[in-house]
Amino acid sequence: MVQFLRKHFKGDLVIWVITLILLGFSLVSVYSFVPILVKIEGGTPFKYLFKHFIYILLAVLAMYWVHKRDPMYISKMSKIIYYGSIALLIFTLFFGTKVNEAGRWVKIPFVGLTFQSSDFAKLALLIYVSRMLVKKKDEMNDWKKGFLPVMAPIVIICGLIVKDNFSTAAILFMISFILLFLGRVPFSKLFSVIFAGILLFVMAVGLHKACRI
């Protein structure tokens with residue numbers, strides 16, 4: 001058994017253990033909320049636990065599949081995944097399913113499972129930006145050839161998310177900013193992003209207050 005695990009689950013043991021622990025905590029969290037869900041939405045406790053178990057199973061299978069792939073394969077697929085996430089976010093804007101008064105969910109036909117398109121977009125964006133940082137690493141001082149092609153995907157994805165979920169868009173933007181920092185983007189470009197972000201935030205707050213008057 002140990003040899004089987006070592007053969008098929010090579011990699012950073014700490015990451016595997018932390019992931020499994022977090023998945024275990026998620027089961028406990030869902031179990032603690034089951035009585036509330038049953039009271040509000042009806043059904044049986046087993047229904048909600050089984051549904052979450054399916055999510056965990058899909059997550060582990062996806063993680064194992066990625067683990068077995070060559071990083072270059074993931075890099076090549078990142079463009080398709082990124083454009084797919086844009087299409088999914090646009091679909092959600094018009095045809096999203098409402099869950100707890102939030103209309104940013106996508107329902108999988110026939111199986112009845114739902115997921116947030118923004119969760120898929122987060123992963124797609126970070127993988128694609130990482131690829132672009134490697135591809136444009138020698139052109140980062142050039143706004144047109146280097147910096148803007150890296151920033152554009154971040155602005156597009158966060159812009160599509162912000163309408164329904166400002167907090168998710170803000171967190172994703174900050175994570176992307178950290179990724180730019182780790183990718184050694186020039187500080188002058190990073191400061192310009194900070195300035196633009198503050199300016200947009202002030203404009204958004206001002207517009208919101210103006211609309212309430």
# chains A, B, ... in the order shown; residues from 1 in each chain; ligands from 1

call {"tool": "select_by_dssp", "arguments": {"residues": "range 12-159 of chain A", "states": "helix (DSSP H, G or I)", "output": "JSON, numbers by chain"}}
result
{"A": [13, 14, 15, 16, 17, 18, 19, 20, 21, 22, 23, 24, 25, 26, 27, 28, 29, 30, 31, 32, 33, 34, 35, 36, 37, 38, 39, 40, 41, 45, 46, 47, 48, 49, 50, 51, 52, 53, 54, 55, 56, 57, 58, 59, 60, 61, 62, 63, 64, 65, 66, 67, 68, 71, 72, 73, 74, 75, 76, 77, 78, 79, 80, 81, 82, 83, 84, 85, 86, 87, 88, 89, 90, 91, 92, 93, 94, 95, 117, 118, 119, 120, 121, 122, 123, 124, 125, 126, 127, 128, 129, 130, 131, 132, 133, 134, 135, 137, 138, 139, 143, 144, 145, 146, 147, 148, 149, 150, 151, 152, 153, 154, 155, 156, 157, 158, 159]}

call {"tool": "residues_around", "arguments": {"residues": "Lys79 in chain A", "least_positions_apart": "3", "cutoff": "9 Å", "atoms": "only C-alpha atoms", "output": "PDB file with all heavy atoms, in the first residue's frame"}}
result
ATOM      1  N   SER A  75       0.645  24.474 -19.137  1.00  0.00           N
ATOM      2  CA  SER A  75       0.934  25.792 -19.700  1.00  0.00           C
ATOM      3  C   SER A  75       0.259  25.970 -21.054  1.00  0.00           C
ATOM      4  O   SER A  75      -0.328  27.027 -21.335  1.00  0.00           O
ATOM      5  CB  SER A  75       2.447  25.984 -19.836  1.00  0.00           C
ATOM      6  OG  SER A  75       2.754  27.214 -20.445  1.00  0.00           O
ATOM      7  N   LYS A  76       0.320  24.952 -21.888  1.00  0.00           N
ATOM      8  CA  LYS A  76      -0.298  25.036 -23.216  1.00  0.00           C
ATOM      9  C   LYS A  76      -1.820  25.089 -23.117  1.00  0.00           C
ATOM     10  O   LYS A  76      -2.475  25.735 -23.935  1.00  0.00           O
ATOM     11  CB  LYS A  76       0.133  23.839 -24.059  1.00  0.00           C
ATOM     12  CG  LYS A  76       1.611  23.858 -24.445  1.00  0.00           C
ATOM     13  CD  LYS A  76       2.000  22.603 -25.219  1.00  0.00           C
ATOM     14  CE  LYS A  76       3.481  22.618 -25.584  1.00  0.00           C
ATOM     15  NZ  LYS A  76       3.896  21.382 -26.296  1.00  0.00           N
ATOM     16  N   TYR A  82      -8.379  29.738 -19.884  1.00  0.00           N
ATOM     17  CA  TYR A  82      -8.647  31.156 -19.623  1.00  0.00           C
ATOM     18  C   TYR A  82      -9.839  31.651 -20.438  1.00  0.00           C
ATOM     19  O   TYR A  82     -10.770  32.254 -19.886  1.00  0.00           O
ATOM     20  CB  TYR A  82      -7.398  31.975 -19.933  1.00  0.00           C
ATOM     21  CG  TYR A  82      -7.651  33.459 -20.015  1.00  0.00           C
ATOM     22  CD1 TYR A  82      -7.970  34.191 -18.875  1.00  0.00           C
ATOM     23  CD2 TYR A  82      -7.589  34.127 -21.233  1.00  0.00           C
ATOM     24  CE1 TYR A  82      -8.226  35.554 -18.946  1.00  0.00           C
ATOM     25  CE2 TYR A  82      -7.839  35.489 -21.312  1.00  0.00           C
ATOM     26  CZ  TYR A  82      -8.151  36.191 -20.175  1.00  0.00           C
ATOM     27  OH  TYR A  82      -8.413  37.537 -20.260  1.00  0.00           O
ATOM     28  N   TYR A  83      -9.828  31.389 -21.744  1.00  0.00           N
ATOM     29  CA  TYR A  83     -10.946  31.836 -22.582  1.00  0.00           C
ATOM     30  C   TYR A  83     -12.249  31.103 -22.216  1.00  0.00           C
ATOM     31  O   TYR A  83     -13.337  31.669 -22.314  1.00  0.00           O
ATOM     32  CB  TYR A  83     -10.617  31.640 -24.064  1.00  0.00           C
ATOM     33  CG  TYR A  83      -9.628  32.656 -24.586  1.00  0.00           C
ATOM     34  CD1 TYR A  83      -8.358  32.280 -25.020  1.00  0.00           C
ATOM     35  CD2 TYR A  83      -9.955  34.008 -24.628  1.00  0.00           C
ATOM     36  CE1 TYR A  83      -7.445  33.217 -25.485  1.00  0.00           C
ATOM     37  CE2 TYR A  83      -9.048  34.952 -25.092  1.00  0.00           C
ATOM     38  CZ  TYR A  83      -7.800  34.555 -25.519  1.00  0.00           C
ATOM     39  OH  TYR A  83      -6.899  35.487 -25.971  1.00  0.00           O
ATOM     40  N   GLY A  84     -12.110  29.862 -21.783  1.00  0.00           N
ATOM     41  CA  GLY A  84     -13.282  29.132 -21.315  1.00  0.00           C
ATOM     42  C   GLY A  84     -13.885  29.768 -20.075  1.00  0.00           C
ATOM     43  O   GLY A  84     -15.113  29.827 -19.918  1.00  0.00           O
ATOM     44  N   ALA A 124      -8.091  29.595 -13.540  1.00  0.00           N
ATOM     45  CA  ALA A 124      -7.737  29.840 -14.940  1.00  0.00           C
ATOM     46  C   ALA A 124      -6.867  31.083 -15.068  1.00  0.00           C
ATOM     47  O   ALA A 124      -5.869  31.085 -15.810  1.00  0.00           O
ATOM     48  CB  ALA A 124      -9.008  29.988 -15.771  1.00  0.00           C
ATOM     49  N   ILE A 127      -3.185  30.574 -13.596  1.00  0.00           N
ATOM     50  CA  ILE A 127      -2.372  29.730 -14.470  1.00  0.00           C
ATOM     51  C   ILE A 127      -1.967  30.489 -15.727  1.00  0.00           C
ATOM     52  O   ILE A 127      -0.807  30.459 -16.163  1.00  0.00           O
ATOM     53  CB  ILE A 127      -3.133  28.441 -14.848  1.00  0.00           C
ATOM     54  CG1 ILE A 127      -3.372  27.576 -13.610  1.00  0.00           C
ATOM     55  CG2 ILE A 127      -2.355  27.644 -15.894  1.00  0.00           C
ATOM     56  CD1 ILE A 127      -4.225  26.361 -13.878  1.00  0.00           C
ATOM     57  N   TYR A 128      -2.931  31.221 -16.299  1.00  0.00           N
ATOM     58  CA  TYR A 128      -2.658  31.943 -17.545  1.00  0.00           C
ATOM     59  C   TYR A 128      -1.688  33.100 -17.316  1.00  0.00           C
ATOM     60  O   TYR A 128      -0.767  33.321 -18.119  1.00  0.00           O
ATOM     61  CB  TYR A 128      -3.964  32.472 -18.126  1.00  0.00           C
ATOM     62  CG  TYR A 128      -3.799  33.148 -19.463  1.00  0.00           C
ATOM     63  CD1 TYR A 128      -3.424  32.416 -20.588  1.00  0.00           C
ATOM     64  CD2 TYR A 128      -4.013  34.513 -19.607  1.00  0.00           C
ATOM     65  CE1 TYR A 128      -3.266  33.038 -21.822  1.00  0.00           C
ATOM     66  CE2 TYR A 128      -3.862  35.136 -20.833  1.00  0.00           C
ATOM     67  CZ  TYR A 128      -3.484  34.392 -21.933  1.00  0.00           C
ATOM     68  OH  TYR A 128      -3.325  35.011 -23.154  1.00  0.00           O
ATOM     69  N   ARG A 131       1.797  31.816 -16.998  1.00  0.00           N
ATOM     70  CA  ARG A 131       2.340  31.509 -18.327  1.00  0.00           C
ATOM     71  C   ARG A 131       2.803  32.779 -19.036  1.00  0.00           C
ATOM     72  O   ARG A 131       3.887  32.814 -19.643  1.00  0.00           O
ATOM     73  CB  ARG A 131       1.275  30.808 -19.159  1.00  0.00           C
ATOM     74  CG  ARG A 131       1.694  30.493 -20.592  1.00  0.00           C
ATOM     75  CD  ARG A 131       0.571  29.783 -21.321  1.00  0.00           C
ATOM     76  NE  ARG A 131       0.962  29.402 -22.683  1.00  0.00           N
ATOM     77  CZ  ARG A 131       0.799  30.179 -23.750  1.00  0.00           C
ATOM     78  NH1 ARG A 131       0.237  31.379 -23.608  1.00  0.00           N
ATOM     79  NH2 ARG A 131       1.172  29.782 -24.942  1.00  0.00           N
TER      80      ARG A 131
END

call {"tool": "residues_around", "arguments": {"residues": "range 19-25 of chain A", "least_positions_apart": "5", "cutoff": "9 Å", "atoms": "only C-alpha atoms", "output": "list in words"}}
result
Val14, Val30, Ile56 and Val60 of chain A

call {"tool": "atom_distance", "arguments": {"atom1": "CA of Leu133 in chain A", "atom2": "CA of Asp164 in chain A"}}
result
28.3 Å

call {"tool": "residues_around", "arguments": {"residues": "Lys136 in chain A", "least_positions_apart": "6", "cutoff": "12 Å", "atoms": "only C-alpha atoms", "output": "NGL selection string"}}
result
:A and (129-130 or 142-151 or 180 or 183-185)

call {"tool": "write_last_selection", "arguments": {"atoms": "C-alpha atoms", "output": "PDB file, in the first residue's frame"}}
result
ATOM      1  CA  VAL A 129      -0.945  34.951 -15.921  1.00  0.00           C
ATOM      2  CA  SER A 130       1.885  32.671 -14.738  1.00  0.00           C
ATOM      3  CA  ASP A 142       7.738  47.603 -22.539  1.00  0.00           C
ATOM      4  CA  TRP A 143       4.156  48.643 -21.812  1.00  0.00           C
ATOM      5  CA  LYS A 144       2.675  47.446 -25.083  1.00  0.00           C
ATOM      6  CA  LYS A 145       4.594  44.204 -25.634  1.00  0.00           C
ATOM      7  CA  GLY A 146       5.095  43.067 -22.057  1.00  0.00           C
ATOM      8  CA  PHE A 147       3.097  44.656 -19.261  1.00  0.00           C
ATOM      9  CA  LEU A 148      -0.319  45.273 -20.841  1.00  0.00           C
ATOM     10  CA  PRO A 149      -0.685  41.705 -22.243  1.00  0.00           C
ATOM     11  CA  VAL A 150      -0.154  40.458 -18.671  1.00  0.00           C
ATOM     12  CA  MET A 151      -2.485  42.992 -17.043  1.00  0.00           C
ATOM     13  CA  LEU A 180       3.168  40.025 -10.609  1.00  0.00           C
ATOM     14  CA  GLY A 183       7.205  37.414 -11.396  1.00  0.00           C
ATOM     15  CA  ARG A 184       9.610  40.348 -11.004  1.00  0.00           C
ATOM     16  CA  VAL A 185       7.490  42.908 -12.770  1.00  0.00           C
TER      17      VAL A 185
END

call {"tool": "select_by_dssp", "arguments": {"residues": "range 48-130 of chain A", "states": "strand (DSSP E or B)", "output": "list of chain:residue names"}}
result
A:Thr97, A:Lys98, A:Val99, A:Ala102, A:Gly103, A:Arg104, A:Trp105, A:Val106, A:Lys107, A:Thr114, A:Phe115, A:Gln116

call {"tool": "write_last_selection", "arguments": {"atoms": "all heavy atoms", "output": "short mmCIF file (atom, residue, chain, number, x, y, z; two decimals), in the first residue's frame"}}
result
data_model
loop_
_atom_site.label_atom_id
_atom_site.label_comp_id
_atom_site.auth_asym_id
_atom_site.auth_seq_id
_atom_site.Cartn_x
_atom_site.Cartn_y
_atom_site.Cartn_z
N THR A 97 -27.57 30.69 -11.97
CA THR A 97 -28.58 30.18 -11.04
C THR A 97 -28.42 30.87 -9.70
O THR A 97 -27.31 31.05 -9.21
CB THR A 97 -28.41 28.66 -10.86
OG1 THR A 97 -28.57 28.03 -12.13
CG2 THR A 97 -29.45 28.12 -9.89
N LYS A 98 -29.53 31.27 -9.10
CA LYS A 98 -29.48 31.93 -7.80
C LYS A 98 -29.43 30.92 -6.66
O LYS A 98 -30.22 30.00 -6.60
CB LYS A 98 -30.70 32.85 -7.61
CG LYS A 98 -30.59 34.18 -8.34
CD LYS A 98 -31.64 35.16 -7.84
CE LYS A 98 -31.43 36.53 -8.48
NZ LYS A 98 -32.38 37.52 -7.95
N VAL A 99 -28.46 31.12 -5.78
CA VAL A 99 -28.34 30.31 -4.56
C VAL A 99 -28.16 31.27 -3.40
O VAL A 99 -27.21 32.06 -3.38
CB VAL A 99 -27.14 29.34 -4.64
CG1 VAL A 99 -26.98 28.58 -3.32
CG2 VAL A 99 -27.30 28.38 -5.80
N ALA A 102 -27.86 34.91 -4.38
CA ALA A 102 -26.69 35.29 -5.18
C ALA A 102 -26.77 34.57 -6.53
O ALA A 102 -26.81 33.34 -6.58
CB ALA A 102 -25.40 34.89 -4.45
N GLY A 103 -26.78 35.35 -7.60
CA GLY A 103 -26.96 34.75 -8.92
C GLY A 103 -25.67 34.53 -9.67
O GLY A 103 -25.52 34.93 -10.81
N ARG A 104 -24.67 33.96 -9.00
CA ARG A 104 -23.39 33.74 -9.64
C ARG A 104 -23.01 32.26 -9.69
O ARG A 104 -21.84 31.90 -9.69
CB ARG A 104 -22.30 34.55 -8.93
CG ARG A 104 -22.27 34.37 -7.41
CD ARG A 104 -21.19 35.22 -6.77
NE ARG A 104 -21.18 35.12 -5.32
CZ ARG A 104 -21.78 35.97 -4.51
NH1 ARG A 104 -22.45 36.98 -5.01
NH2 ARG A 104 -21.71 35.83 -3.20
N TRP A 105 -24.01 31.41 -9.73
CA TRP A 105 -23.79 29.97 -9.73
C TRP A 105 -24.17 29.37 -11.08
O TRP A 105 -25.06 29.88 -11.76
CB TRP A 105 -24.59 29.30 -8.63
CG TRP A 105 -24.16 29.70 -7.24
CD1 TRP A 105 -24.44 30.87 -6.61
CD2 TRP A 105 -23.37 28.93 -6.33
NE1 TRP A 105 -23.88 30.88 -5.35
CE2 TRP A 105 -23.22 29.71 -5.17
CE3 TRP A 105 -22.79 27.67 -6.39
CZ2 TRP A 105 -22.50 29.26 -4.07
CZ3 TRP A 105 -22.08 27.22 -5.28
CH2 TRP A 105 -21.93 28.01 -4.15
N VAL A 106 -23.51 28.29 -11.42
CA VAL A 106 -23.83 27.56 -12.64
C VAL A 106 -24.28 26.16 -12.23
O VAL A 106 -23.62 25.49 -11.43
CB VAL A 106 -22.61 27.45 -13.58
CG1 VAL A 106 -22.94 26.58 -14.79
CG2 VAL A 106 -22.17 28.84 -14.02
N LYS A 107 -25.40 25.74 -12.76
CA LYS A 107 -25.94 24.42 -12.43
C LYS A 107 -25.56 23.42 -13.52
O LYS A 107 -25.78 23.67 -14.70
CB LYS A 107 -27.46 24.48 -12.30
CG LYS A 107 -28.09 23.20 -11.78
CD LYS A 107 -29.57 23.38 -11.51
CE LYS A 107 -30.18 22.12 -10.91
NZ LYS A 107 -31.62 22.30 -10.60
N THR A 114 -24.08 22.38 -8.38
CA THR A 114 -23.83 23.76 -8.75
C THR A 114 -22.41 24.16 -8.35
O THR A 114 -21.84 23.59 -7.42
CB THR A 114 -24.83 24.72 -8.06
OG1 THR A 114 -24.77 24.51 -6.64
CG2 THR A 114 -26.24 24.47 -8.55
N PHE A 115 -21.86 25.14 -9.04
CA PHE A 115 -20.54 25.65 -8.69
C PHE A 115 -20.47 27.12 -9.10
O PHE A 115 -21.23 27.58 -9.95
CB PHE A 115 -19.42 24.85 -9.37
CG PHE A 115 -19.35 25.04 -10.87
CD1 PHE A 115 -18.48 25.97 -11.42
CD2 PHE A 115 -20.16 24.30 -11.71
CE1 PHE A 115 -18.41 26.14 -12.80
CE2 PHE A 115 -20.10 24.46 -13.09
CZ PHE A 115 -19.22 25.39 -13.63
N GLN A 116 -19.56 27.85 -8.47
CA GLN A 116 -19.37 29.26 -8.80
C GLN A 116 -18.40 29.38 -9.96
O GLN A 116 -17.27 28.88 -9.88
CB GLN A 116 -18.86 30.03 -7.59
CG GLN A 116 -19.92 30.31 -6.54
CD GLN A 116 -19.39 31.22 -5.45
OE1 GLN A 116 -18.35 30.94 -4.86
NE2 GLN A 116 -20.10 32.29 -5.15
#

call {"tool": "atom_distance", "arguments": {"atom1": "CA of Met63 in chain A", "atom2": "CA of Phe95 in chain A"}}
result
28.5 Å

call {"tool": "residues_around", "arguments": {"residues": "Cys158 in chain A", "least_positions_apart": "5", "cutoff": "9 Å", "atoms": "only C-alpha atoms", "output": "number ranges by chain"}}
result
A: 153, 166, 168-170, 172-173

call {"tool": "residues_around", "arguments": {"residues": "Leu89 in chain A", "least_positions_apart": "2", "cutoff": "8 Å", "atoms": "only C-alpha atoms", "output": "number ranges by chain"}}
result
A: 85-87, 91-93, 117-118, 121, 160-161

call {"tool": "decode", "arguments": {"residues": "range 69-193 of chain A", "atoms": "C-alpha atoms", "output": "compact mmCIF listing (two decimals), in the first residue's frame"}}
result
# COMPACT_ATOMS: atom_id res chain seq x y z
CA ARG A 69 0.47 15.99 -16.19
CA ASP A 70 3.66 17.61 -17.45
CA PRO A 71 3.80 21.32 -16.45
CA MET A 72 4.29 22.25 -20.11
CA TYR A 73 0.98 20.57 -20.92
CA ILE A 74 -0.78 22.71 -18.30
CA SER A 75 0.93 25.79 -19.70
CA LYS A 76 -0.30 25.04 -23.22
CA MET A 77 -3.82 24.38 -21.95
CA SER A 78 -3.91 27.60 -19.91
CA LYS A 79 -5.02 29.74 -22.86
CA ILE A 80 -8.00 27.48 -23.59
CA ILE A 81 -8.89 27.35 -19.88
CA TYR A 82 -8.65 31.16 -19.62
CA TYR A 83 -10.95 31.84 -22.58
CA GLY A 84 -13.28 29.13 -21.32
CA SER A 85 -13.51 30.92 -17.96
CA ILE A 86 -14.43 34.19 -19.72
CA ALA A 87 -17.22 32.42 -21.61
CA LEU A 88 -18.42 30.84 -18.36
CA LEU A 89 -18.47 34.18 -16.52
CA ILE A 90 -20.42 35.82 -19.34
CA PHE A 91 -22.86 32.90 -19.31
CA THR A 92 -23.28 33.33 -15.54
CA LEU A 93 -24.06 37.05 -15.93
CA PHE A 94 -27.11 36.24 -18.04
CA PHE A 95 -28.11 32.71 -17.08
CA GLY A 96 -26.63 32.19 -13.61
CA THR A 97 -28.58 30.18 -11.04
CA LYS A 98 -29.48 31.93 -7.80
CA VAL A 99 -28.34 30.31 -4.56
CA ASN A 100 -29.07 32.18 -1.31
CA GLU A 101 -30.04 35.29 -3.33
CA ALA A 102 -26.69 35.29 -5.18
CA GLY A 103 -26.96 34.75 -8.92
CA ARG A 104 -23.39 33.74 -9.64
CA TRP A 105 -23.79 29.97 -9.73
CA VAL A 106 -23.83 27.56 -12.64
CA LYS A 107 -25.94 24.42 -12.43
CA ILE A 108 -24.59 21.26 -14.06
CA PRO A 109 -27.38 19.63 -16.10
CA PHE A 110 -28.78 16.23 -15.07
CA VAL A 111 -26.68 15.84 -11.90
CA GLY A 112 -28.06 18.87 -10.02
CA LEU A 113 -24.65 20.05 -8.77
CA THR A 114 -23.83 23.76 -8.75
CA PHE A 115 -20.54 25.65 -8.69
CA GLN A 116 -19.37 29.26 -8.80
CA SER A 117 -17.93 30.25 -12.17
CA SER A 118 -15.65 32.70 -10.34
CA ASP A 119 -13.90 29.77 -8.62
CA PHE A 120 -13.00 28.28 -11.99
CA ALA A 121 -11.99 31.74 -13.26
CA LYS A 122 -9.58 32.22 -10.33
CA LEU A 123 -7.63 29.11 -11.20
CA ALA A 124 -7.74 29.84 -14.94
CA LEU A 125 -6.48 33.40 -14.45
CA LEU A 126 -3.57 32.51 -12.16
CA ILE A 127 -2.37 29.73 -14.47
CA TYR A 128 -2.66 31.94 -17.54
CA VAL A 129 -0.94 34.95 -15.92
CA SER A 130 1.89 32.67 -14.74
CA ARG A 131 2.34 31.51 -18.33
CA MET A 132 2.34 35.09 -19.61
CA LEU A 133 4.88 36.17 -17.00
CA VAL A 134 7.27 33.48 -18.20
CA LYS A 135 6.58 34.29 -21.85
CA LYS A 136 6.98 38.07 -21.44
CA LYS A 137 9.70 38.12 -18.78
CA ASP A 138 12.21 39.87 -21.06
CA GLU A 139 9.69 42.46 -22.27
CA MET A 140 8.23 43.68 -18.98
CA ASN A 141 9.75 47.14 -19.36
CA ASP A 142 7.74 47.60 -22.54
CA TRP A 143 4.16 48.64 -21.81
CA LYS A 144 2.68 47.45 -25.08
CA LYS A 145 4.59 44.20 -25.63
CA GLY A 146 5.10 43.07 -22.06
CA PHE A 147 3.10 44.66 -19.26
CA LEU A 148 -0.32 45.27 -20.84
CA PRO A 149 -0.68 41.71 -22.24
CA VAL A 150 -0.15 40.46 -18.67
CA MET A 151 -2.48 42.99 -17.04
CA ALA A 152 -5.32 42.67 -19.56
CA PRO A 153 -6.43 39.15 -18.45
CA ILE A 154 -6.49 40.29 -14.80
CA VAL A 155 -8.64 43.33 -15.59
CA ILE A 156 -11.02 41.30 -17.79
CA ILE A 157 -11.62 38.49 -15.28
CA CYS A 158 -11.91 40.79 -12.24
CA GLY A 159 -14.19 43.10 -14.23
CA LEU A 160 -16.56 40.24 -15.03
CA ILE A 161 -16.61 39.08 -11.41
CA VAL A 162 -16.92 42.45 -9.65
CA LYS A 163 -20.56 43.05 -10.61
CA ASP A 164 -21.86 40.12 -8.56
CA ASN A 165 -19.04 39.65 -6.08
CA PHE A 166 -16.83 42.63 -5.24
CA SER A 167 -14.95 40.85 -2.44
CA THR A 168 -13.95 37.93 -4.69
CA ALA A 169 -12.81 40.32 -7.43
CA ALA A 170 -10.76 42.36 -4.96
CA ILE A 171 -9.10 39.29 -3.42
CA LEU A 172 -8.33 37.85 -6.86
CA PHE A 173 -6.84 41.17 -7.96
CA MET A 174 -4.59 41.24 -4.87
CA ILE A 175 -3.45 37.65 -5.45
CA SER A 176 -2.70 38.51 -9.07
CA PHE A 177 -0.75 41.57 -7.89
CA ILE A 178 1.35 39.35 -5.61
CA LEU A 179 1.92 37.04 -8.58
CA LEU A 180 3.17 40.02 -10.61
CA PHE A 181 5.53 40.90 -7.76
CA LEU A 182 6.87 37.33 -7.60
CA GLY A 183 7.20 37.41 -11.40
CA ARG A 184 9.61 40.35 -11.00
CA VAL A 185 7.49 42.91 -12.77
CA PRO A 186 9.24 46.32 -12.49
CA PHE A 187 8.21 48.35 -9.44
CA SER A 188 7.28 51.32 -11.61
CA LYS A 189 4.65 49.16 -13.32
CA LEU A 190 3.39 47.79 -10.00
CA PHE A 191 3.00 51.29 -8.55
CA SER A 192 1.04 52.30 -11.62
CA VAL A 193 -1.31 49.37 -10.95
